[in-house]
$ cat final27.csv   # CSV, C-alpha atoms and all ligand atoms
chain,number,residue,atom,x,y,z
A,14,MET,CA,45.0,50.1,85.3
A,15,ARG,CA,41.8,50.8,83.6
A,16,ILE,CA,41.9,51.2,79.9
A,17,TYR,CA,39.1,53.0,78.0
A,18,LYS,CA,39.2,52.5,74.2
A,19,ALA,CA,37.9,55.5,72.4
A,20,LYS,CA,36.9,55.5,68.7
A,21,ASP,CA,38.8,58.6,67.8
A,22,TYR,CA,40.3,61.8,69.1
A,23,ALA,CA,36.9,63.4,69.8
A,24,ASP,CA,35.7,60.4,71.6
A,25,MET,CA,38.9,60.2,73.6
A,26,SER,CA,38.6,63.9,74.6
A,27,ARG,CA,35.0,63.4,75.7
A,28,LYS,CA,35.6,60.3,77.7
A,29,ALA,CA,38.6,61.8,79.5
A,30,ALA,CA,36.7,65.1,80.1
A,31,ASN,CA,34.0,63.0,81.8
A,32,ILE,CA,36.6,61.7,84.2
A,33,VAL,CA,37.9,65.2,85.0
A,34,SER,CA,34.4,66.6,85.4
A,35,ALA,CA,33.4,63.7,87.7
A,36,GLN,CA,36.3,64.7,89.9
A,37,VAL,CA,35.2,68.3,90.0
A,38,ILE,CA,31.6,67.4,90.7
A,39,MET,CA,32.6,64.9,93.5
A,40,LYS,CA,35.1,67.3,95.1
A,41,PRO,CA,34.5,71.0,94.0
A,42,ASN,CA,37.7,72.1,95.8
A,43,CYS,CA,39.9,69.4,94.3
A,44,VAL,CA,43.5,69.9,93.1
A,45,LEU,CA,43.8,69.1,89.4
A,46,GLY,CA,47.3,68.4,88.0
A,47,LEU,CA,47.2,69.6,84.4
A,48,ALA,CA,49.2,68.9,81.3
A,49,THR,CA,49.9,70.6,78.0
A,50,GLY,CA,50.8,69.2,74.6
A,51,SER,CA,48.3,68.7,71.7
A,52,THR,CA,46.6,65.6,73.2
A,53,PRO,CA,44.6,67.3,76.0
A,54,ILE,CA,43.4,70.2,73.9
A,55,GLY,CA,40.1,68.5,73.0
A,56,LEU,CA,39.5,67.5,76.6
A,57,TYR,CA,39.9,71.2,77.7
A,58,LYS,CA,37.5,72.3,74.9
A,59,GLN,CA,35.0,69.8,76.2
A,60,LEU,CA,35.3,71.1,79.8
A,61,VAL,CA,34.8,74.7,78.5
A,62,GLU,CA,31.7,73.6,76.6
A,63,TRP,CA,30.2,71.9,79.7
A,64,PHE,CA,31.1,75.0,81.8
A,65,ARG,CA,29.3,77.2,79.3
A,66,LYS,CA,26.2,75.0,79.6
A,67,GLY,CA,26.3,75.4,83.3
A,68,ASP,CA,27.2,71.9,84.1
A,69,LEU,CA,30.6,72.6,85.7
A,70,ASP,CA,31.8,75.0,88.3
A,71,PHE,CA,35.5,75.7,88.7
A,72,SER,CA,35.2,78.4,91.3
A,73,GLU,CA,36.9,76.3,94.0
A,74,VAL,CA,39.2,74.1,91.9
A,75,MET,CA,42.9,74.5,92.3
A,76,THR,CA,45.3,73.5,89.6
A,77,VAL,CA,49.0,72.7,89.4
A,78,ASN,CA,50.6,72.2,86.0
A,79,LEU,CA,53.2,69.5,85.4
A,80,ASP,CA,55.9,71.6,83.7
A,81,GLU,CA,57.1,74.8,82.1
A,82,TYR,CA,59.9,75.7,79.8
A,83,LYS,CA,62.8,77.5,81.6
A,84,GLY,CA,63.4,80.9,80.2
A,85,LEU,CA,60.0,81.6,78.6
A,86,SER,CA,57.9,84.4,80.0
A,87,ARG,CA,54.2,84.1,80.6
A,88,GLU,CA,53.6,86.4,77.6
A,89,ASN,CA,55.5,84.0,75.3
A,90,GLU,CA,52.9,82.2,73.2
A,91,GLN,CA,54.9,78.9,73.6
A,92,SER,CA,54.9,79.1,77.3
A,93,TYR,CA,52.7,76.6,79.1
A,94,TYR,CA,51.3,79.5,81.1
A,95,TYR,CA,50.0,81.0,77.9
A,96,PHE,CA,48.8,77.6,76.7
A,97,MET,CA,46.7,77.0,79.8
A,98,HIS,CA,45.2,80.4,79.7
A,99,GLN,CA,44.3,80.1,76.1
A,100,ASN,CA,42.9,76.6,76.3
A,101,LEU,CA,41.2,76.6,79.7
A,102,PHE,CA,41.7,79.2,82.4
A,103,ASP,CA,40.4,82.2,80.4
A,104,HIS,CA,37.2,80.4,79.5
A,105,VAL,CA,36.0,79.0,82.8
A,106,ASN,CA,35.4,80.6,86.2
A,107,ILE,CA,38.6,79.4,87.9
A,108,PRO,CA,40.1,82.3,90.0
A,109,VAL,CA,43.5,83.0,88.5
A,110,GLU,CA,45.1,82.8,92.0
A,111,ASN,CA,44.0,79.1,92.1
A,112,THR,CA,46.1,78.2,89.1
A,113,HIS,CA,49.7,77.3,89.4
A,114,LEU,CA,52.6,76.6,87.1
A,115,PRO,CA,56.4,76.5,87.6
A,116,ASN,CA,57.8,80.0,87.0
A,117,GLY,CA,59.9,79.7,83.8
A,118,MET,CA,61.5,83.0,84.4
A,119,GLU,CA,63.0,82.1,87.8
A,120,PRO,CA,66.7,81.6,87.0
A,121,ASP,CA,67.5,79.9,90.3
A,122,SER,CA,66.5,76.3,89.6
A,123,GLU,CA,66.9,75.1,93.1
A,124,LYS,CA,64.8,77.9,94.5
A,125,GLU,CA,62.0,77.4,92.0
A,126,CYS,CA,61.9,73.6,92.4
A,127,ARG,CA,61.7,73.9,96.1
A,128,ARG,CA,59.0,76.6,95.9
A,129,TYR,CA,56.9,74.4,93.5
A,130,THR,CA,57.3,71.2,95.5
A,131,GLU,CA,56.3,73.0,98.7
A,132,LEU,CA,53.3,74.6,96.9
A,133,ILE,CA,52.0,71.2,95.8
A,134,GLN,CA,52.4,69.9,99.4
A,135,SER,CA,50.7,72.9,100.8
A,136,LEU,CA,47.6,72.3,98.6
A,137,GLY,CA,47.4,68.8,100.1
A,138,GLY,CA,48.7,67.0,97.0
A,139,VAL,CA,47.1,66.3,93.7
A,140,ASP,CA,43.7,64.6,93.5
A,141,LEU,CA,43.7,63.9,89.8
A,142,GLN,CA,46.8,64.2,87.6
A,143,LEU,CA,46.3,64.4,83.9
A,144,LEU,CA,49.1,63.2,81.7
A,145,GLY,CA,50.0,63.0,78.0
A,146,ILE,CA,52.8,60.8,76.8
A,147,GLY,CA,55.9,61.7,74.7
A,148,HIS,CA,57.1,59.5,71.9
A,149,ASN,CA,60.0,58.4,74.0
A,150,GLY,CA,57.7,57.6,77.0
A,151,HIS,CA,58.3,60.9,78.8
A,152,ILE,CA,55.7,62.2,81.2
A,153,GLY,CA,55.8,65.9,82.0
A,154,PHE,CA,59.4,66.5,81.0
A,155,ASN,CA,60.8,63.4,82.7
A,156,GLU,CA,63.0,62.1,79.9
A,157,PRO,CA,64.3,58.5,79.6
A,158,GLY,CA,66.9,57.6,82.2
A,159,GLU,CA,65.7,59.9,84.9
A,160,SER,CA,65.5,58.5,88.4
A,161,PHE,CA,62.0,57.6,89.6
A,162,ASP,CA,62.9,59.3,92.9
A,163,LYS,CA,62.7,63.0,91.9
A,164,GLN,CA,60.4,65.8,93.0
A,165,VAL,CA,60.1,69.0,91.0
A,166,HIS,CA,63.4,69.5,89.1
A,167,CYS,CA,65.1,71.2,86.2
A,168,VAL,CA,65.8,69.0,83.2
A,169,ASN,CA,67.8,69.2,80.0
A,170,LEU,CA,65.5,68.3,77.2
A,171,THR,CA,66.5,65.5,74.9
A,172,GLU,CA,67.0,66.0,71.2
A,173,SER,CA,63.9,63.9,70.4
A,174,THR,CA,61.7,66.2,72.6
A,175,ILE,CA,63.2,69.3,71.1
A,176,GLU,CA,62.6,67.8,67.7
A,177,ALA,CA,59.0,66.9,68.5
A,178,ASN,CA,58.3,70.3,70.0
A,179,LYS,CA,60.0,72.4,67.4
A,180,ARG,CA,56.8,72.5,65.3
A,181,PHE,CA,55.5,75.1,67.7
A,182,PHE,CA,58.6,77.4,67.4
A,183,ALA,CA,60.2,79.2,64.5
A,184,SER,CA,63.1,76.7,64.5
A,185,ALA,CA,64.7,74.0,66.6
A,186,GLU,CA,67.1,76.6,68.0
A,187,ASP,CA,64.2,78.5,69.5
A,188,VAL,CA,63.0,75.6,71.5
A,189,PRO,CA,64.2,76.1,75.1
A,190,LYS,CA,66.8,73.5,76.2
A,191,GLN,CA,65.6,73.2,79.7
A,192,ALA,CA,62.4,72.9,81.6
A,193,TYR,CA,61.0,72.7,85.1
A,194,THR,CA,59.0,69.6,85.7
A,195,MET,CA,57.3,67.6,88.4
A,196,GLY,CA,59.4,64.6,88.9
A,197,ILE,CA,58.2,61.0,88.7
A,198,LYS,CA,58.0,60.9,92.5
A,199,THR,CA,55.7,64.0,92.5
A,200,ILE,CA,53.5,62.4,89.8
A,201,MET,CA,53.3,59.1,91.6
A,202,GLN,CA,52.1,60.9,94.7
A,203,ALA,CA,48.9,62.0,92.9
A,204,LYS,CA,45.9,60.2,94.2
A,205,LYS,CA,44.5,59.4,90.8
A,206,ILE,CA,46.2,59.5,87.3
A,207,LEU,CA,44.4,60.0,84.0
A,208,ILE,CA,46.6,59.5,80.9
A,209,VAL,CA,45.5,60.3,77.4
A,210,ALA,CA,46.9,59.2,74.1
A,211,SER,CA,45.9,59.5,70.6
A,212,GLY,CA,47.1,58.5,67.1
A,213,GLU,CA,49.1,55.7,65.6
A,214,ASP,CA,52.4,57.5,66.3
A,215,LYS,CA,51.8,56.8,70.0
A,216,ALA,CA,50.8,53.1,69.5
A,217,GLU,CA,54.3,51.7,70.1
A,218,ILE,CA,55.1,53.8,73.2
A,219,VAL,CA,51.7,53.0,74.7
A,220,GLN,CA,52.4,49.3,74.3
A,221,LYS,CA,55.9,49.6,75.8
A,222,ALA,CA,54.9,51.9,78.6
A,223,PHE,CA,51.9,49.9,79.9
A,224,PHE,CA,52.7,46.3,78.8
A,225,GLY,CA,56.5,46.3,78.8
A,226,PRO,CA,59.0,46.2,81.6
A,227,ILE,CA,59.0,48.9,84.2
A,228,THR,CA,62.2,50.9,83.6
A,229,PRO,CA,63.5,54.5,83.8
A,230,GLN,CA,64.3,54.1,80.1
A,231,VAL,CA,60.5,54.4,79.6
A,232,PRO,CA,59.4,56.9,82.2
A,233,ALA,CA,55.7,56.3,81.8
A,234,SER,CA,56.2,52.6,82.6
A,235,VAL,CA,56.4,53.6,86.3
A,236,LEU,CA,52.6,54.2,86.1
A,237,GLN,CA,52.1,50.4,86.2
A,238,LEU,CA,53.1,50.7,89.9
A,239,HIS,CA,50.4,53.3,90.7
A,240,ASN,CA,47.1,51.9,92.1
A,241,ASP,CA,44.7,54.3,90.4
A,242,VAL,CA,45.6,54.9,86.8
A,243,THR,CA,43.1,55.3,83.9
A,244,LEU,CA,44.3,55.3,80.3
A,245,VAL,CA,42.0,56.8,77.8
A,246,ALA,CA,43.3,56.3,74.3
A,247,ASP,CA,41.9,56.0,70.8
A,248,GLU,CA,41.9,52.9,68.7
A,249,ALA,CA,45.0,54.1,66.8
A,250,ALA,CA,47.0,54.6,69.9
A,251,LEU,CA,45.9,51.1,71.2
A,252,SER,CA,46.5,49.4,67.9
A,253,LYS,CA,49.8,47.7,69.0
A,254,LEU,CA,48.4,46.2,72.2
A,255,SER,CA,47.7,42.7,70.8
A,256,GLU,CA,51.2,42.3,69.3
A,301,LIG,N1,55.8,68.4,78.2
A,301,LIG,C1,54.9,67.9,77.2
A,301,LIG,C2,54.3,66.6,77.8
A,301,LIG,O1,53.6,66.9,79.0
A,301,LIG,C3,53.4,66.0,76.7
A,301,LIG,O2,52.7,64.9,77.2
A,301,LIG,C4,54.2,65.6,75.5
A,301,LIG,C5,53.3,65.0,74.4
A,301,LIG,O3,52.7,66.0,73.7
A,301,LIG,P1,51.6,65.7,72.6
A,301,LIG,O4,50.3,65.5,73.4
A,301,LIG,O5,51.6,66.9,71.8
A,301,LIG,O6,52.0,64.5,71.8
A,301,LIG,O7,54.8,66.8,75.0
A,301,LIG,C6,55.4,67.7,75.8
A,301,LIG,O8,56.8,67.4,75.8

$ encode --input "final27.csv" --output "structure tokens"
Amino acid sequence: MRIYKAKDYADMSRKAANIVSAQVIMKPNCVLGLATGSTPIGLYKQLVEWFRKGDLDFSEVMTVNLDEYKGLSRENEQSYYYFMHQNLFDHVNIPVENTHLPNGMEPDSEKECRRYTELIQSLGGVDLQLLGIGHNGHIGFNEPGESFDKQVHCVNLTESTIEANKRFFASAEDVPKQAYTMGIKTIMQAKKILIVASGEDKAEIVQKAFFGPITPQVPASVLQLHNDVTLVADEAALSKLSE
């Protein structure tokens, strides 16, 4: 695993955006696996800025997002569909038909998971998968204890994730209780993985995930087994590495 230490959030965002833009430049029709959460927002801003300057072209890029809340419509401001449009898709020249997310409004979980798994396969797999990390080590919405052997599936969110995400909703009761997510197996099939982390509150989990034992209790620890992982994190998120 390569680790790039950034000074702060802005530096982390720029360094990570450089890696994504290198991918787009090297392979204009690449498949990008994208993530939500607050951590990648700066990275997306940077990509938009470079696009506006004429340095990046997304016209052939395909995207597949990691996850989506089950039960939220595209119009819901908390849906990941809305997030991706607001933070990236609406500001660059990616054709909307090239962008893909699980359909949160499909009530039949089995059907939706099969559709999304087959879609990723039909695109030829993910070239570069971007990931954030949850405080409990979740990646996408793969919560602690999940088998490493799952493709796209429907999960029950843990209390800690509902708690962490309730800041975006009117109350904890409004946070959906389920989500569709790429499984660990899907994530591990990506050719390259880029994981971003920022802030002291992520220091402990970054240490555990990348330097602790590989265990389903810390889903991100499985990334130690992938042969092309880059972690870009700021000093605060890396501050527990020497302990
Ligand atoms: N499903 C997302 C994850 O993909 C994300 O990595 C995590 C961390 O979010 P943040 O970057 O806001 O800490 O939150 C959510 O639960």

$ residues_around --input "final27.csv" --residues "A:Asn178" --least-positions-apart "2" --cutoff "12 Å" --atoms "only C-alpha atoms" --output "ChimeraX atom specification"
/A:49-51,82,91-92,147-148,154,170-176,180-190

$ closest_residue --input "final27.csv" --among "A:Asp241, A:Asp80, A:Asp103, A:Glu217" --to "ligand LIG 301 (chain A)" --atoms "only C-alpha atoms and all ligand atoms"
A:Asp80

$ closest_residue --input "final27.csv" --among "A:Met195, A:Val105, A:Met118, A:Val168" --to "A:Val74" --atoms "all atoms listed in the file"
A:Val105

$ residues_around --input "final27.csv" --residues "A:Ile16" --least-positions-apart "3" --cutoff "9 Å" --atoms "all atoms listed in the file" --output "ChimeraX atom specification"
/A:242-246

$ atom_distance --input "final27.csv" --atom1 "atom CA of A:Asp162" --atom2 "atom CA of A:Gly196"
7.5 Å

$ closest_residue --input "final27.csv" --among "A:Tyr22, A:Glu62, A:Ser34, A:Val235" --to "A:Glu213" --atoms "all atoms listed in the file"
A:Tyr22

$ closest_residue --input "final27.csv" --among "A:Val109, A:Leu251, A:Leu114, A:Val139" --to "A:Cys43" --atoms "all atoms listed in the file"
A:Val139
